[in-house]
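Everything below belongs to start.cif, which stores mmCIF, C-alpha atoms and all ligand atoms.
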data_my_file
loop_
_atom_site.label_atom_id
_atom_site.label_comp_id
_atom_site.auth_asym_id
_atom_site.auth_seq_id
_atom_site.Cartn_x
_atom_site.Cartn_y
_atom_site.Cartn_z
CA MET A 1044 25.31 54.05 0.95
CA HIS A 1045 23.18 54.36 -2.18
CA ILE A 1046 25.14 56.30 -4.79
CA VAL A 1047 23.53 57.82 -7.88
CA ARG A 1048 24.39 60.00 -10.85
CA TYR A 1049 21.84 62.58 -11.85
CA ASP A 1050 21.02 65.73 -13.84
CA ASP A 1051 24.19 67.24 -15.36
CA ALA A 1052 26.44 64.30 -14.37
CA ARG A 1053 26.33 65.07 -10.64
CA LEU A 1054 27.18 62.48 -8.02
CA GLY A 1055 24.67 62.02 -5.25
CA VAL A 1056 23.80 59.93 -2.22
CA LEU A 1057 20.20 58.87 -1.57
CA VAL A 1058 19.09 59.73 1.96
CA ASP A 1059 15.44 59.36 3.09
CA GLY A 1060 13.99 59.73 -0.41
CA GLY A 1061 16.15 62.72 -1.31
CA VAL A 1062 19.38 63.22 -3.23
CA ARG A 1063 22.37 64.94 -1.59
CA ASP A 1064 24.98 66.34 -3.97
CA VAL A 1065 28.46 64.96 -3.27
CA SER A 1066 30.02 65.94 -6.63
CA ALA A 1067 32.55 68.18 -4.93
CA VAL A 1068 34.51 65.26 -3.46
CA VAL A 1069 36.14 64.27 -6.75
CA ASP A 1070 38.99 66.14 -8.39
CA GLU A 1071 37.85 69.10 -10.47
CA ARG A 1072 39.06 67.60 -13.74
CA TRP A 1073 36.51 64.74 -13.42
CA ARG A 1074 33.61 66.77 -12.02
CA GLY A 1075 30.61 66.90 -14.38
CA THR A 1076 32.08 64.20 -16.64
CA PRO A 1077 30.96 60.58 -17.10
CA TYR A 1078 34.18 59.52 -15.36
CA ALA A 1079 33.49 61.25 -12.01
CA ILE A 1080 32.04 58.01 -10.63
CA ASN A 1081 35.15 56.04 -11.67
CA ALA A 1082 37.27 58.62 -9.80
CA LEU A 1083 35.00 58.36 -6.75
CA ILE A 1084 35.27 54.56 -6.72
CA ALA A 1085 39.04 54.54 -7.30
CA GLY A 1086 39.58 57.08 -4.50
CA TRP A 1087 36.94 55.68 -2.15
CA ASP A 1088 39.19 54.85 0.81
CA GLU A 1089 40.29 58.47 0.97
CA LEU A 1090 37.01 60.10 -0.15
CA ALA A 1091 34.41 58.10 1.82
CA PRO A 1092 34.54 60.25 4.99
CA ARG A 1093 33.93 63.43 2.98
CA VAL A 1094 31.07 61.71 1.09
CA ALA A 1095 29.50 60.70 4.40
CA GLN A 1096 29.87 64.25 5.70
CA LEU A 1097 28.14 65.76 2.64
CA ALA A 1098 25.47 63.04 2.70
CA ALA A 1099 24.61 64.25 6.20
CA SER A 1100 24.80 67.99 5.56
CA ALA A 1101 24.16 68.88 1.89
CA PRO A 1102 20.69 70.17 0.91
CA SER A 1103 18.30 67.38 -0.06
CA VAL A 1104 16.52 67.46 -3.44
CA PRO A 1105 13.45 65.20 -3.75
CA LEU A 1106 14.14 62.19 -5.95
CA SER A 1107 11.11 63.10 -8.09
CA GLU A 1108 12.82 66.36 -9.09
CA VAL A 1109 16.01 64.86 -10.53
CA ARG A 1110 16.74 62.87 -13.64
CA LEU A 1111 18.69 59.77 -12.67
CA LEU A 1112 21.50 58.66 -14.99
CA PRO A 1113 23.22 55.26 -15.27
CA PRO A 1114 25.38 55.05 -12.11
CA VAL A 1115 28.49 53.89 -14.02
CA PRO A 1116 28.21 55.02 -17.65
CA ARG A 1117 31.81 54.34 -18.68
CA PRO A 1118 33.22 51.25 -17.01
CA ARG A 1119 36.42 50.20 -18.67
CA GLN A 1120 35.06 46.64 -18.91
CA LEU A 1121 31.61 45.07 -18.83
CA PHE A 1122 31.84 41.35 -18.13
CA ALA A 1123 28.93 38.91 -18.09
CA ALA A 1124 28.47 35.32 -16.97
CA PRO A 1125 26.74 32.95 -19.40
CA LEU A 1126 24.44 30.20 -18.14
CA ASN A 1127 24.97 30.66 -14.40
CA TYR A 1128 21.66 29.24 -13.09
CA ARG A 1129 20.83 25.57 -13.73
CA ARG A 1130 17.17 26.08 -14.60
CA HIS A 1131 18.15 28.79 -17.11
CA VAL A 1132 20.64 26.37 -18.72
CA ALA A 1133 17.81 23.83 -18.98
CA GLU A 1134 15.37 26.30 -20.54
CA MET A 1135 18.01 27.33 -23.10
CA VAL A 1136 18.89 23.72 -24.00
CA ASP A 1137 15.17 23.02 -24.53
CA SER A 1138 14.52 26.19 -26.54
CA THR A 1139 14.40 26.69 -30.29
CA HIS A 1140 17.04 29.41 -30.07
CA ALA A 1141 19.85 27.56 -28.29
CA PRO A 1142 23.22 28.73 -29.63
CA ASP A 1143 25.50 26.20 -31.33
CA GLY A 1144 27.29 23.86 -28.94
CA LEU A 1145 25.16 24.59 -25.85
CA LYS A 1146 25.31 21.59 -23.48
CA ALA A 1147 23.27 20.73 -20.39
CA GLY A 1148 26.31 20.97 -18.10
CA SER A 1149 27.55 24.32 -19.41
CA SER A 1150 28.35 27.01 -16.86
CA PRO A 1151 30.88 29.81 -16.31
CA SER A 1152 33.16 27.13 -14.77
CA ASP A 1153 34.01 25.91 -18.26
CA LEU A 1154 32.78 28.82 -20.41
CA GLY A 1155 34.26 31.74 -18.44
CA PHE A 1156 32.79 35.15 -19.25
CA PHE A 1157 31.71 37.10 -22.31
CA VAL A 1158 31.81 40.89 -22.71
CA LYS A 1159 29.15 43.37 -23.71
CA ALA A 1160 29.99 46.67 -25.42
CA THR A 1161 30.12 49.31 -22.68
CA GLY A 1162 28.14 51.56 -25.05
CA SER A 1163 25.10 49.34 -24.39
CA ILE A 1164 24.76 50.81 -20.87
CA SER A 1165 21.71 52.92 -20.12
CA GLY A 1166 20.06 54.23 -16.98
CA PRO A 1167 16.85 54.25 -14.98
CA GLY A 1168 15.34 57.05 -17.07
CA ASP A 1169 16.13 55.51 -20.45
CA ALA A 1170 13.90 53.22 -22.51
CA VAL A 1171 15.21 49.96 -23.93
CA GLN A 1172 15.19 50.56 -27.68
CA LEU A 1173 14.65 47.51 -29.91
CA PRO A 1174 16.24 47.72 -33.37
CA PRO A 1175 13.92 47.18 -36.35
CA LEU A 1176 14.75 43.52 -37.08
CA PRO A 1177 11.41 41.74 -37.60
CA ASP A 1178 12.79 38.17 -37.70
CA ARG A 1179 14.60 38.53 -34.38
CA ARG A 1180 13.27 38.27 -30.83
CA PHE A 1181 14.37 40.28 -27.82
CA HIS A 1182 14.48 38.81 -24.32
CA HIS A 1183 14.76 40.25 -20.82
CA GLU A 1184 17.33 38.94 -18.32
CA VAL A 1185 17.42 40.26 -14.74
CA GLU A 1186 20.81 40.01 -13.06
CA LEU A 1187 22.82 41.07 -10.04
CA GLY A 1188 25.55 43.42 -11.27
CA VAL A 1189 28.82 43.72 -9.34
CA VAL A 1190 30.81 46.98 -9.43
CA VAL A 1191 34.56 46.47 -8.99
CA GLY A 1192 36.20 48.72 -6.38
CA ARG A 1193 39.91 48.12 -6.69
CA THR A 1194 42.45 47.33 -9.36
CA ALA A 1195 43.05 43.60 -9.25
CA ARG A 1196 44.74 40.80 -11.09
CA GLY A 1197 45.34 37.16 -10.24
CA LEU A 1198 42.89 37.26 -7.32
CA ARG A 1199 42.13 34.26 -5.17
CA PRO A 1200 38.37 33.86 -4.58
CA ALA A 1201 38.86 34.51 -0.84
CA ALA A 1202 40.32 37.95 -1.65
CA ALA A 1203 37.76 38.90 -4.30
CA ARG A 1204 35.08 40.31 -2.01
CA ASP A 1205 37.52 42.91 -0.76
CA HIS A 1206 37.66 44.24 -4.34
CA VAL A 1207 33.92 44.82 -4.68
CA PHE A 1208 32.71 48.42 -4.45
CA GLY A 1209 29.02 47.65 -4.62
CA TYR A 1210 26.07 46.19 -6.48
CA VAL A 1211 23.51 47.29 -9.05
CA CYS A 1212 20.31 45.91 -10.48
CA LEU A 1213 21.10 45.09 -14.11
CA LEU A 1214 19.22 44.00 -17.23
CA ASP A 1215 21.04 42.01 -19.89
CA ILE A 1216 18.75 42.53 -22.90
CA THR A 1217 19.42 39.89 -25.53
CA MET A 1218 18.56 39.39 -29.19
CA ARG A 1219 17.72 35.78 -30.10
CA THR A 1220 17.02 34.00 -33.36
CA GLU A 1221 15.23 30.76 -34.17
CA GLY A 1222 17.67 27.99 -35.07
CA PRO A 1223 21.26 27.35 -34.09
CA HIS A 1224 22.91 29.93 -36.34
CA GLN A 1225 22.88 33.14 -34.36
CA GLU A 1226 24.98 36.27 -34.54
CA GLU A 1227 27.89 36.46 -32.10
CA ARG A 1228 26.69 36.79 -28.51
CA THR A 1229 28.61 40.04 -28.17
CA LEU A 1230 26.57 41.64 -30.94
CA ARG A 1231 23.26 40.18 -29.75
CA LYS A 1232 23.72 41.76 -26.32
CA SER A 1233 25.45 45.02 -27.26
CA PHE A 1234 22.78 47.14 -28.94
CA GLU A 1235 22.60 50.61 -27.42
CA THR A 1236 20.33 50.59 -24.30
CA PHE A 1237 20.67 46.79 -23.91
CA THR A 1238 22.31 47.10 -20.46
CA PRO A 1239 20.12 49.20 -18.17
CA ILE A 1240 21.69 49.56 -14.69
CA GLY A 1241 20.66 51.30 -11.50
CA PRO A 1242 18.99 53.19 -10.07
CA ALA A 1243 21.81 53.34 -7.47
CA ILE A 1244 25.01 51.55 -6.57
CA VAL A 1245 24.54 49.99 -3.14
CA THR A 1246 27.92 49.90 -1.45
CA ALA A 1247 29.26 46.50 -0.42
CA ASP A 1248 29.19 47.26 3.33
CA GLU A 1249 25.37 47.20 3.13
CA LEU A 1250 25.26 43.77 1.50
CA PRO A 1251 27.37 41.29 3.44
CA ASP A 1252 26.22 38.34 1.31
CA PRO A 1253 25.53 38.81 -2.43
CA GLY A 1254 24.68 35.10 -2.52
CA ASP A 1255 21.50 35.66 -0.51
CA LEU A 1256 19.33 37.93 -2.67
CA ARG A 1257 15.98 37.37 -4.36
CA LEU A 1258 15.75 38.50 -8.02
CA ARG A 1259 12.44 39.21 -9.71
CA LEU A 1260 11.32 40.64 -13.02
CA TRP A 1261 7.90 41.67 -14.24
CA VAL A 1262 6.74 42.65 -17.73
CA ASN A 1263 3.58 44.79 -17.55
CA ASP A 1264 3.03 43.53 -13.98
CA GLU A 1265 3.26 39.86 -15.06
CA LEU A 1266 5.92 38.08 -12.97
CA ARG A 1267 8.35 36.44 -15.40
CA GLN A 1268 11.49 35.70 -13.34
CA ASP A 1269 11.68 34.87 -9.63
CA ALA A 1270 14.87 33.31 -8.31
CA HIS A 1271 17.62 33.65 -5.77
CA THR A 1272 21.35 34.34 -6.03
CA ALA A 1273 21.89 31.33 -3.74
CA ASP A 1274 21.27 29.34 -6.95
CA LEU A 1275 24.22 30.90 -8.82
CA ILE A 1276 26.37 28.04 -10.15
CA VAL A 1277 29.51 30.19 -9.90
CA GLY A 1278 29.28 32.84 -7.17
CA VAL A 1279 30.49 36.44 -7.13
CA ASP A 1280 33.91 35.76 -5.56
CA GLU A 1281 34.76 33.04 -8.04
CA LEU A 1282 33.52 35.05 -11.05
CA LEU A 1283 35.72 38.04 -10.17
CA ALA A 1284 38.73 35.89 -9.32
CA ARG A 1285 38.51 33.98 -12.60
CA ALA A 1286 38.15 37.17 -14.66
CA SER A 1287 41.11 38.73 -12.87
CA HIS A 1288 43.29 35.87 -14.14
CA VAL A 1289 42.40 36.89 -17.70
CA VAL A 1290 42.71 40.68 -17.51
CA THR A 1291 43.31 43.32 -14.84
CA LEU A 1292 40.07 44.51 -13.22
CA HIS A 1293 39.63 48.26 -12.75
CA PRO A 1294 37.56 50.41 -10.38
CA GLY A 1295 34.12 50.82 -11.94
CA ASP A 1296 34.24 47.65 -14.04
CA ILE A 1297 30.89 45.85 -14.01
CA TYR A 1298 30.24 42.11 -13.89
CA ALA A 1299 26.73 40.86 -14.80
CA THR A 1300 26.48 37.63 -12.84
CA GLY A 1301 23.93 35.81 -15.04
CA THR A 1302 20.17 35.43 -15.29
CA PRO A 1303 17.90 32.77 -13.81
CA ASP A 1304 15.15 30.94 -15.71
CA GLY A 1305 12.05 32.68 -16.99
CA VAL A 1306 13.61 34.75 -19.77
CA GLY A 1307 11.04 35.79 -22.35
CA PRO A 1308 10.10 38.24 -25.08
CA ILE A 1309 9.68 42.00 -24.80
CA GLU A 1310 7.91 44.26 -27.30
CA PRO A 1311 7.65 48.00 -27.85
CA GLY A 1312 5.07 49.36 -25.41
CA ASP A 1313 6.05 46.97 -22.61
CA VAL A 1314 7.29 48.13 -19.22
CA ILE A 1315 9.97 46.02 -17.51
CA ARG A 1316 10.37 46.13 -13.74
CA ALA A 1317 13.44 44.37 -12.37
CA GLU A 1318 14.20 44.02 -8.69
CA VAL A 1319 17.23 42.76 -6.83
CA GLU A 1320 16.49 42.46 -3.12
CA SER A 1321 18.29 45.11 -1.03
CA VAL A 1322 19.87 46.54 -4.21
CA GLY A 1323 17.03 48.26 -6.00
CA THR A 1324 14.23 48.29 -8.52
CA LEU A 1325 14.77 49.36 -12.10
CA GLU A 1326 11.74 50.21 -14.21
CA VAL A 1327 12.23 50.86 -17.92
CA ALA A 1328 9.94 51.23 -20.91
CA VAL A 1329 10.51 49.34 -24.16
CA GLU A 1330 10.38 51.29 -27.44
CA ARG A 1331 11.16 50.75 -31.08
CA ARG A 1332 14.52 52.34 -31.84
CA PRO A 1333 13.98 55.59 -33.71
CA TRP A 1334 17.18 55.28 -35.78
MN MN A 1401 22.78 37.45 -19.11
#

Please re-express this file's structure in structure tokens.
Amino acid sequence: MHIVRYDDARLGVLVDGGVRDVSAVVDERWRGTPYAINALIAGWDELAPRVAQLAASAPSVPLSEVRLLPPVPRPRQLFAAPLNYRRHVAEMVDSTHAPDGLKAGSSPSDLGFFVKATGSISGPGDAVQLPPLPDRRFHHEVELGVVVGRTARGLRPAAARDHVFGYVCLLDITMRTEGPHQEERTLRKSFETFTPIGPAIVTADELPDPGDLRLRLWVNDELRQDAHTADLIVGVDELLARASHVVTLHPGDIYATGTPDGVGPIEPGDVIRAEVESVGTLEVAVERRPW
């Protein structure tokens, strides 16, 4: 199933190019709030049959007539893997903006995860807004995003997949500076609108192997990134399991699994198109931040 949020915080399922409203499945106290999707994910085992029923019977609204919102606007936690593709590690080591202490063999195996502010999340209809900092550069990173389905701690990798609700196309927009002395990674990646996700969550049953997906990203129709999740150094199961040994994972939490090589600058006026095979295409404009 392809699950979206749209208009006045409704929950919908995409069927044949239309949106079917399934908002009614979640408890009234969450309906119309940013947390309705968390309630849907947390209650999925019980709610899925009713969602499927509405997806088959509710009136269909053409996708062009709705405003899509970020599918999970308020995850409790937004994790991200640093340096999880070898060729991206190499391009960072060779760059003029490599953070202090970056080594050729670095990966999430030794570095673990970092977190982004959840307030950086934006949706398919929102522009990426670059803050007015003339001596900084802003880079695109296309990533497979994993949406956690069940509360979990201390997971073994073999049990991790069972705790995945679904997948999203995700951009990890990043501020970079020349020279080794950069702001904390958390700040550089947490500006508002620096984590576009969507357009839909594709449920895990439709994607048996998240390690077999092509990722691509274009800026103004120029192909910048083209890679495959088979090249992840640390795969989805291991990433979730390791994080769950640090802190309890919650339904709706998002894990950005890392970007491949080809990261590069974006400027106001650009249009970014990011695609994760079988998961979706996210197209967002880039603007100067108006505040
Ligand atoms: Mn990243």

Could I get the residue neighbourhood of ligand MN 1401 (chain A) at 9 Å, counting only C-alpha atoms and all ligand atoms, as a PyMOL selection string?
-> chain A and resi 1123-1127+1183-1186+1214-1217+1232+1299-1303

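With CA of Lys1146 in chain A on one side and CA of Glu1281 in chain A on the other, the separation reads 21.4 Å.
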
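Put simply, CA of Glu1310 in chain A is 10.7 Å away from CA of Asn1263 in chain A.
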
Pick from A:Ala1079, A:Thr1291, A:Arg1130, A:Pro1177 nearest to Gly1197 in chain A, counting only C-alpha atoms = A:Thr1291

Can you work out the spacing between CA of Gly1086 in chain A and CA of Val1277 in chain A in Å, to one decimal?
->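 One can read the CA of Gly1086 in chain A to CA of Val1277 in chain A distance as 29.2 Å.
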
For range 1269-1302 of chain A, supply N, CA and C atoms and format the output as a PDB file, keeping the file's coordinate frame.
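The file below, result29.pdb, is the result:
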ATOM      1  N   ASP A1269      11.725  34.826 -11.099  1.00  0.00           N
ATOM      2  CA  ASP A1269      11.680  34.870  -9.630  1.00  0.00           C
ATOM      3  C   ASP A1269      12.672  33.820  -9.135  1.00  0.00           C
ATOM      4  N   ALA A1270      13.807  34.256  -8.663  1.00  0.00           N
ATOM      5  CA  ALA A1270      14.870  33.310  -8.310  1.00  0.00           C
ATOM      6  C   ALA A1270      15.722  33.919  -7.210  1.00  0.00           C
ATOM      7  N   HIS A1271      16.833  33.263  -6.925  1.00  0.00           N
ATOM      8  CA  HIS A1271      17.620  33.650  -5.770  1.00  0.00           C
ATOM      9  C   HIS A1271      19.107  33.480  -6.108  1.00  0.00           C
ATOM     10  N   THR A1272      19.918  34.449  -5.693  1.00  0.00           N
ATOM     11  CA  THR A1272      21.350  34.340  -6.030  1.00  0.00           C
ATOM     12  C   THR A1272      22.029  33.173  -5.320  1.00  0.00           C
ATOM     13  N   ALA A1273      21.338  32.557  -4.346  1.00  0.00           N
ATOM     14  CA  ALA A1273      21.890  31.330  -3.740  1.00  0.00           C
ATOM     15  C   ALA A1273      22.019  30.231  -4.794  1.00  0.00           C
ATOM     16  N   ASP A1274      21.255  30.363  -5.897  1.00  0.00           N
ATOM     17  CA  ASP A1274      21.270  29.340  -6.950  1.00  0.00           C
ATOM     18  C   ASP A1274      22.308  29.624  -8.041  1.00  0.00           C
ATOM     19  N   LEU A1275      23.125  30.671  -7.864  1.00  0.00           N
ATOM     20  CA  LEU A1275      24.220  30.900  -8.820  1.00  0.00           C
ATOM     21  C   LEU A1275      25.122  29.660  -8.853  1.00  0.00           C
ATOM     22  N   ILE A1276      25.455  29.189 -10.046  1.00  0.00           N
ATOM     23  CA  ILE A1276      26.370  28.040 -10.150  1.00  0.00           C
ATOM     24  C   ILE A1276      27.773  28.484  -9.738  1.00  0.00           C
ATOM     25  N   VAL A1277      28.221  29.606 -10.279  1.00  0.00           N
ATOM     26  CA  VAL A1277      29.510  30.190  -9.900  1.00  0.00           C
ATOM     27  C   VAL A1277      29.212  31.524  -9.210  1.00  0.00           C
ATOM     28  N   GLY A1278      29.615  31.661  -7.970  1.00  0.00           N
ATOM     29  CA  GLY A1278      29.280  32.840  -7.170  1.00  0.00           C
ATOM     30  C   GLY A1278      30.160  34.048  -7.488  1.00  0.00           C
ATOM     31  N   VAL A1279      29.834  35.158  -6.846  1.00  0.00           N
ATOM     32  CA  VAL A1279      30.490  36.440  -7.130  1.00  0.00           C
ATOM     33  C   VAL A1279      32.009  36.364  -6.947  1.00  0.00           C
ATOM     34  N   ASP A1280      32.459  35.788  -5.835  1.00  0.00           N
ATOM     35  CA  ASP A1280      33.910  35.760  -5.560  1.00  0.00           C
ATOM     36  C   ASP A1280      34.665  35.028  -6.662  1.00  0.00           C
ATOM     37  N   GLU A1281      34.121  33.880  -7.037  1.00  0.00           N
ATOM     38  CA  GLU A1281      34.760  33.040  -8.040  1.00  0.00           C
ATOM     39  C   GLU A1281      34.725  33.710  -9.427  1.00  0.00           C
ATOM     40  N   LEU A1282      33.624  34.370  -9.750  1.00  0.00           N
ATOM     41  CA  LEU A1282      33.520  35.050 -11.050  1.00  0.00           C
ATOM     42  C   LEU A1282      34.601  36.125 -11.169  1.00  0.00           C
ATOM     43  N   LEU A1283      34.729  36.954 -10.121  1.00  0.00           N
ATOM     44  CA  LEU A1283      35.720  38.040 -10.170  1.00  0.00           C
ATOM     45  C   LEU A1283      37.136  37.475 -10.206  1.00  0.00           C
ATOM     46  N   ALA A1284      37.383  36.466  -9.375  1.00  0.00           N
ATOM     47  CA  ALA A1284      38.730  35.890  -9.320  1.00  0.00           C
ATOM     48  C   ALA A1284      39.123  35.327 -10.682  1.00  0.00           C
ATOM     49  N   ARG A1285      38.200  34.584 -11.294  1.00  0.00           N
ATOM     50  CA  ARG A1285      38.510  33.980 -12.600  1.00  0.00           C
ATOM     51  C   ARG A1285      38.776  35.045 -13.646  1.00  0.00           C
ATOM     52  N   ALA A1286      37.946  36.101 -13.670  1.00  0.00           N
ATOM     53  CA  ALA A1286      38.150  37.170 -14.660  1.00  0.00           C
ATOM     54  C   ALA A1286      39.488  37.859 -14.449  1.00  0.00           C
ATOM     55  N   SER A1287      39.876  38.006 -13.176  1.00  0.00           N
ATOM     56  CA  SER A1287      41.110  38.730 -12.870  1.00  0.00           C
ATOM     57  C   SER A1287      42.358  37.932 -13.264  1.00  0.00           C
ATOM     58  N   HIS A1288      42.178  36.667 -13.605  1.00  0.00           N
ATOM     59  CA  HIS A1288      43.290  35.870 -14.140  1.00  0.00           C
ATOM     60  C   HIS A1288      43.393  36.020 -15.656  1.00  0.00           C
ATOM     61  N   VAL A1289      42.381  36.667 -16.251  1.00  0.00           N
ATOM     62  CA  VAL A1289      42.400  36.890 -17.700  1.00  0.00           C
ATOM     63  C   VAL A1289      42.909  38.296 -17.997  1.00  0.00           C
ATOM     64  N   VAL A1290      42.394  39.275 -17.245  1.00  0.00           N
ATOM     65  CA  VAL A1290      42.710  40.680 -17.510  1.00  0.00           C
ATOM     66  C   VAL A1290      42.591  41.445 -16.196  1.00  0.00           C
ATOM     67  N   THR A1291      43.363  42.504 -16.060  1.00  0.00           N
ATOM     68  CA  THR A1291      43.310  43.320 -14.840  1.00  0.00           C
ATOM     69  C   THR A1291      41.932  43.956 -14.700  1.00  0.00           C
ATOM     70  N   LEU A1292      41.349  43.856 -13.509  1.00  0.00           N
ATOM     71  CA  LEU A1292      40.070  44.510 -13.220  1.00  0.00           C
ATOM     72  C   LEU A1292      40.341  45.930 -12.735  1.00  0.00           C
ATOM     73  N   HIS A1293      39.445  46.850 -13.094  1.00  0.00           N
ATOM     74  CA  HIS A1293      39.630  48.260 -12.750  1.00  0.00           C
ATOM     75  C   HIS A1293      38.430  48.796 -11.973  1.00  0.00           C
ATOM     76  N   PRO A1294      38.676  49.813 -11.117  1.00  0.00           N
ATOM     77  CA  PRO A1294      37.560  50.410 -10.380  1.00  0.00           C
ATOM     78  C   PRO A1294      36.471  50.875 -11.345  1.00  0.00           C
ATOM     79  N   GLY A1295      35.247  50.459 -11.072  1.00  0.00           N
ATOM     80  CA  GLY A1295      34.120  50.820 -11.940  1.00  0.00           C
ATOM     81  C   GLY A1295      33.747  49.753 -12.934  1.00  0.00           C
ATOM     82  N   ASP A1296      34.611  48.765 -13.159  1.00  0.00           N
ATOM     83  CA  ASP A1296      34.240  47.650 -14.040  1.00  0.00           C
ATOM     84  C   ASP A1296      32.967  46.991 -13.493  1.00  0.00           C
ATOM     85  N   ILE A1297      32.158  46.476 -14.407  1.00  0.00           N
ATOM     86  CA  ILE A1297      30.890  45.850 -14.010  1.00  0.00           C
ATOM     87  C   ILE A1297      30.891  44.390 -14.450  1.00  0.00           C
ATOM     88  N   TYR A1298      30.368  43.534 -13.559  1.00  0.00           N
ATOM     89  CA  TYR A1298      30.240  42.110 -13.890  1.00  0.00           C
ATOM     90  C   TYR A1298      28.769  41.728 -13.719  1.00  0.00           C
ATOM     91  N   ALA A1299      28.112  41.357 -14.837  1.00  0.00           N
ATOM     92  CA  ALA A1299      26.730  40.860 -14.800  1.00  0.00           C
ATOM     93  C   ALA A1299      26.794  39.374 -14.502  1.00  0.00           C
ATOM     94  N   THR A1300      26.189  38.966 -13.387  1.00  0.00           N
ATOM     95  CA  THR A1300      26.480  37.630 -12.840  1.00  0.00           C
ATOM     96  C   THR A1300      25.643  36.511 -13.454  1.00  0.00           C
ATOM     97  N   GLY A1301      24.725  36.840 -14.368  1.00  0.00           N
ATOM     98  CA  GLY A1301      23.930  35.810 -15.040  1.00  0.00           C
ATOM     99  C   GLY A1301      22.471  35.883 -14.656  1.00  0.00           C
ATOM    100  N   THR A1302      21.625  35.351 -15.531  1.00  0.00           N
ATOM    101  CA  THR A1302      20.170  35.430 -15.290  1.00  0.00           C
ATOM    102  C   THR A1302      19.613  34.061 -14.946  1.00  0.00           C
TER     103      THR A1302
END
